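**Student:** Mind having a look at this structure? Questions to follow.
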Amino acid sequence: MARDRVLDGTGAIRWWYTTRDESRDGMPISDFYVKLYNSSIVSTQVVRALQSATVVIDVEQADGAPLDSVAAYAAMVALAEFRSNPPPPKDSILGLFDGETERRELSSHDAALLRGIYAVPPDREAYQQRRQLVSTVRKSGE
C-alpha cells in the first residue's frame with residue numbers, strides 16, 4: 001500500500017519507512033526469539049524500531065511553497081511515522097498543500113506531537129502510549 005502511494009500517488013510529498021521489531025535493549029529478534037536481560041511486568045520487552053524514513057518531494061507539485069515550509073512538512077512526516085496522508089489538524093503543517101495559505105510552519109500542536117512521540121516509552125502497550133501522547137499534546141495547548 002505504501003509502495004503504491006509512493007509510486008502512483010499524486011501528493012507533492014510522499015514517504016515510506018523501514019522498521020523492525022527488536023528487544024527493548026535494541027537487540028534484533030531472530031526466529032521469533034528475544035534475548036531478555038531483565039524482567040518487567042510493565043514493559044512489553046519488544047519494540048517496533050524505526051530504521052529509516054525516506055521522503056520524496058515532487059518539486060513541480062511543491063512549486064510555490066516556501067522551501068522552509070516544505071522542509072518542515074518533510075521533517076514532520078519523517079519523524080512522526082504517519083501510515084498514510086492523514087487529514088491535517090487545524091493549523092498543522094500537514095495542510096501545506098491543501099490551499100490554505102496560513103499553514104506555512106510547524107504549529108505548536110505539531111511540535112507537541114513530535115515531543116510526545118519521542119517522550120513515550122517504546123516498550124509499553126499501545127493504550128498506554130496513546131494516553132501519554134494525548135496528555136502531552138493537551139498540556140501543550142493549555
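We name chains A, B, ... following the order of the C-alpha cells; residues begin at 1 in each chain, and ligands are numbered from 1 as shown.
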Name the residues in contact with A:Ala53 at a cut-off of 8 Å, using only C-alpha atoms, excluding same-chain residues fewer than 6 positions from it; report them as number ranges by chain.

**Tutor:** A: 15-18, 78-79, 81

**Student:** If we count only C-alpha atoms and set the cut-off at 10 Å, which residues sit around stretch 96-98 of chain A, ignoring sequence neighbours fewer than 5 positions away in its own chain? Please answer as a list in words.

**Tutor:**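 That gives Gly11, Ala12, Ile13, Gln61, Ala62, Ala65, Pro66, Ser69, Val70, Ala72, Tyr73, Pro87, Pro88, Asp91, Arg103, Arg104, Glu105 and Leu106 of chain A.
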
**Student:** Would you work out the distance separating atom CA of A:Gly141 from atom CA of A:Arg124, expressed in Å to one decimal?

**Tutor:**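 A separation of 24.8 Å between them.
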
**Student:** So which residues touch A:Arg14 within 7 Å, counting only C-alpha atoms, skipping near sequence neighbours fewer than 3 positions away, as a ChimeraX atom specification?

**Tutor:** /A:6,11,55-57

**Student:** When distances are computed from only C-alpha atoms, which of A:Arg20, A:Gly26, A:His109, A:Ala75 shows the smallest separation from A:Arg48?

**Tutor:**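 Using only C-alpha atoms, A:Arg48 sits closest to A:Arg20.
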
**Student:** For atom CA of A:Thr19 and atom CA of A:Val59, quote the distance in Å rounded to one decimal.

**Tutor:**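 Value for the atom CA of A:Thr19-atom CA of A:Val59 distance: 27.0 Å.
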
**Student:** Looking at only C-alpha atoms, which of A:Val46, A:Ser107, A:Gly116, A:Glu102 is the one that sits closest to A:Gln132?

**Tutor:**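 Nearest candidate to A:Gln132 out of A:Val46, A:Ser107, A:Gly116, A:Glu102: A:Gly116.
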
**Student:** Rank nothing, just name the residue among A:Gly64, A:Ala49, A:Thr54, A:Asp123 nearest to A:Gly99, using only C-alpha atoms.

**Tutor:**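 With only C-alpha atoms as the atom set, the closest residue is A:Gly64.
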
**Student:** Can you work out the spacing between atom CA of A:Thr10 and atom CA of A:Asp110 in Å, to one decimal?

**Tutor:**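 That distance, rounded to one decimal, is 23.4 Å.
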
**Student:** For A:Leu113, find every residue with an atom within 8 Å (counting only C-alpha atoms), except residues of its own chain fewer than 5 positions away, and show them as a list in words.

**Tutor:**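 The residues that qualify are Ala80, Leu133, Thr136 and Val137 of chain A.
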
**Student:** Would you please extract all strand (DSSP E or B) residues from stretch 4-114 of chain A, as assigned by DSSP on the backbone, and give them as a PDB file with N, CA and C atoms, in the first residue's frame?

**Tutor:**
ATOM      1  N   ILE A  13       4.447  15.551  -1.593  1.00  0.00           N
ATOM      2  CA  ILE A  13       5.431  14.881  -0.746  1.00  0.00           C
ATOM      3  C   ILE A  13       4.896  13.489  -0.414  1.00  0.00           C
ATOM      4  N   ARG A  14       5.735  12.492  -0.668  1.00  0.00           N
ATOM      5  CA  ARG A  14       5.369  11.101  -0.370  1.00  0.00           C
ATOM      6  C   ARG A  14       6.499  10.492   0.460  1.00  0.00           C
ATOM      7  N   TRP A  15       6.176   9.469   1.242  1.00  0.00           N
ATOM      8  CA  TRP A  15       7.170   8.918   2.154  1.00  0.00           C
ATOM      9  C   TRP A  15       6.912   7.454   2.440  1.00  0.00           C
ATOM     10  N   TRP A  16       7.969   6.784   2.941  1.00  0.00           N
ATOM     11  CA  TRP A  16       7.840   5.416   3.436  1.00  0.00           C
ATOM     12  C   TRP A  16       8.895   5.193   4.504  1.00  0.00           C
ATOM     13  N   TYR A  17       8.683   4.124   5.270  1.00  0.00           N
ATOM     14  CA  TYR A  17       9.540   3.820   6.410  1.00  0.00           C
ATOM     15  C   TYR A  17      10.033   2.382   6.336  1.00  0.00           C
ATOM     16  N   THR A  18      11.159   2.153   6.969  1.00  0.00           N
ATOM     17  CA  THR A  18      11.658   0.804   7.183  1.00  0.00           C
ATOM     18  C   THR A  18      11.705   0.608   8.692  1.00  0.00           C
ATOM     19  N   THR A  19      11.061  -0.461   9.175  1.00  0.00           N
ATOM     20  CA  THR A  19      11.007  -0.717  10.613  1.00  0.00           C
ATOM     21  C   THR A  19      11.420  -2.156  10.891  1.00  0.00           C
ATOM     22  N   ARG A  20      11.687  -2.431  12.148  1.00  0.00           N
ATOM     23  CA  ARG A  20      11.933  -3.807  12.576  1.00  0.00           C
ATOM     24  C   ARG A  20      11.531  -3.935  14.041  1.00  0.00           C
ATOM     25  N   ASP A  21      11.216  -5.147  14.432  1.00  0.00           N
ATOM     26  CA  ASP A  21      10.949  -5.432  15.832  1.00  0.00           C
ATOM     27  C   ASP A  21      12.268  -5.806  16.482  1.00  0.00           C
ATOM     28  N   GLU A  22      12.479  -5.301  17.694  1.00  0.00           N
ATOM     29  CA  GLU A  22      13.695  -5.618  18.430  1.00  0.00           C
ATOM     30  C   GLU A  22      13.391  -5.621  19.915  1.00  0.00           C
ATOM     31  N   SER A  23      14.323  -6.126  20.711  1.00  0.00           N
ATOM     32  CA  SER A  23      14.125  -6.122  22.157  1.00  0.00           C
ATOM     33  C   SER A  23      14.209  -4.683  22.655  1.00  0.00           C
ATOM     34  N   PRO A  28      18.260  -7.311  17.905  1.00  0.00           N
ATOM     35  CA  PRO A  28      17.322  -7.795  16.882  1.00  0.00           C
ATOM     36  C   PRO A  28      16.661  -9.102  17.312  1.00  0.00           C
ATOM     37  N   SER A  30      15.493 -12.693  16.269  1.00  0.00           N
ATOM     38  CA  SER A  30      15.788 -13.677  15.225  1.00  0.00           C
ATOM     39  C   SER A  30      14.969 -14.936  15.482  1.00  0.00           C
ATOM     40  N   TYR A  33      12.770 -15.262  18.514  1.00  0.00           N
ATOM     41  CA  TYR A  33      13.418 -15.463  19.806  1.00  0.00           C
ATOM     42  C   TYR A  33      13.971 -14.123  20.268  1.00  0.00           C
ATOM     43  N   VAL A  46       9.434  -5.958  23.791  1.00  0.00           N
ATOM     44  CA  VAL A  46       9.689  -5.852  22.354  1.00  0.00           C
ATOM     45  C   VAL A  46       9.193  -4.489  21.889  1.00  0.00           C
ATOM     46  N   VAL A  47       9.977  -3.832  21.046  1.00  0.00           N
ATOM     47  CA  VAL A  47       9.584  -2.541  20.494  1.00  0.00           C
ATOM     48  C   VAL A  47       9.679  -2.589  18.972  1.00  0.00           C
ATOM     49  N   ARG A  48       8.903  -1.752  18.331  1.00  0.00           N
ATOM     50  CA  ARG A  48       8.975  -1.583  16.884  1.00  0.00           C
ATOM     51  C   ARG A  48       9.883  -0.385  16.642  1.00  0.00           C
ATOM     52  N   ALA A  49      11.009  -0.606  16.014  1.00  0.00           N
ATOM     53  CA  ALA A  49      12.014   0.441  15.844  1.00  0.00           C
ATOM     54  C   ALA A  49      11.992   0.979  14.417  1.00  0.00           C
ATOM     55  N   LEU A  50      12.022   2.282  14.307  1.00  0.00           N
ATOM     56  CA  LEU A  50      12.106   2.945  13.009  1.00  0.00           C
ATOM     57  C   LEU A  50      13.562   2.897  12.558  1.00  0.00           C
ATOM     58  N   GLN A  51      13.811   2.218  11.444  1.00  0.00           N
ATOM     59  CA  GLN A  51      15.163   2.079  10.916  1.00  0.00           C
ATOM     60  C   GLN A  51      15.517   3.242   9.987  1.00  0.00           C
ATOM     61  N   SER A  52      14.548   3.617   9.131  1.00  0.00           N
ATOM     62  CA  SER A  52      14.788   4.725   8.208  1.00  0.00           C
ATOM     63  C   SER A  52      13.459   5.318   7.753  1.00  0.00           C
ATOM     64  N   ALA A  53      13.537   6.539   7.337  1.00  0.00           N
ATOM     65  CA  ALA A  53      12.386   7.233   6.749  1.00  0.00           C
ATOM     66  C   ALA A  53      12.883   7.874   5.457  1.00  0.00           C
ATOM     67  N   THR A  54      12.169   7.620   4.375  1.00  0.00           N
ATOM     68  CA  THR A  54      12.522   8.198   3.080  1.00  0.00           C
ATOM     69  C   THR A  54      11.398   9.114   2.642  1.00  0.00           C
ATOM     70  N   VAL A  55      11.742  10.329   2.285  1.00  0.00           N
ATOM     71  CA  VAL A  55      10.763  11.325   1.868  1.00  0.00           C
ATOM     72  C   VAL A  55      11.106  11.762   0.449  1.00  0.00           C
ATOM     73  N   VAL A  56      10.108  11.711  -0.436  1.00  0.00           N
ATOM     74  CA  VAL A  56      10.277  12.118  -1.834  1.00  0.00           C
ATOM     75  C   VAL A  56       9.461  13.386  -2.041  1.00  0.00           C
ATOM     76  N   ILE A  57      10.100  14.406  -2.574  1.00  0.00           N
ATOM     77  CA  ILE A  57       9.431  15.683  -2.824  1.00  0.00           C
ATOM     78  C   ILE A  57       9.334  15.901  -4.324  1.00  0.00           C
TER      79      ILE A  57
END

**Student:** Could you pull out the alpha helix (DSSP H) residues of stretch 29-132 of chain A from DSSP and send them as an NGL selection string?

**Tutor:** :A and (67-80 or 108-119 or 126-132)

**Student:** Counting only C-alpha atoms, what is within 9 Å of A:Arg130, bar same-chain residues fewer than 5 positions away, as number ranges by chain?

**Tutor:** A: 120, 125, 135

**Student:** What does the file look like for those residues with all heavy atoms, as a short mmCIF file (atom, residue, chain, number, x, y, z; two decimals), in the first residue's frame?

**Tutor:**
data_model
loop_
_atom_site.label_atom_id
_atom_site.label_comp_id
_atom_site.auth_asym_id
_atom_site.auth_seq_id
_atom_site.Cartn_x
_atom_site.Cartn_y
_atom_site.Cartn_z
N VAL A 120 7.36 9.15 24.79
CA VAL A 120 6.65 7.93 25.17
C VAL A 120 7.63 6.76 25.21
O VAL A 120 8.38 6.54 24.26
CB VAL A 120 5.52 7.64 24.15
CG1 VAL A 120 4.91 6.27 24.39
CG2 VAL A 120 4.46 8.71 24.21
N GLU A 125 2.44 -0.91 26.28
CA GLU A 125 1.25 -1.27 25.50
C GLU A 125 0.74 -0.05 24.75
O GLU A 125 0.92 1.09 25.20
CB GLU A 125 0.15 -1.81 26.41
CG GLU A 125 0.50 -3.11 27.12
CD GLU A 125 0.53 -4.30 26.19
OE1 GLU A 125 -0.09 -4.26 25.11
OE2 GLU A 125 1.18 -5.30 26.56
N SER A 135 -2.08 13.14 26.41
CA SER A 135 -1.84 14.00 27.56
C SER A 135 -0.77 15.06 27.25
O SER A 135 -0.93 16.24 27.58
CB SER A 135 -1.40 13.16 28.75
OG SER A 135 -1.06 13.96 29.84
#
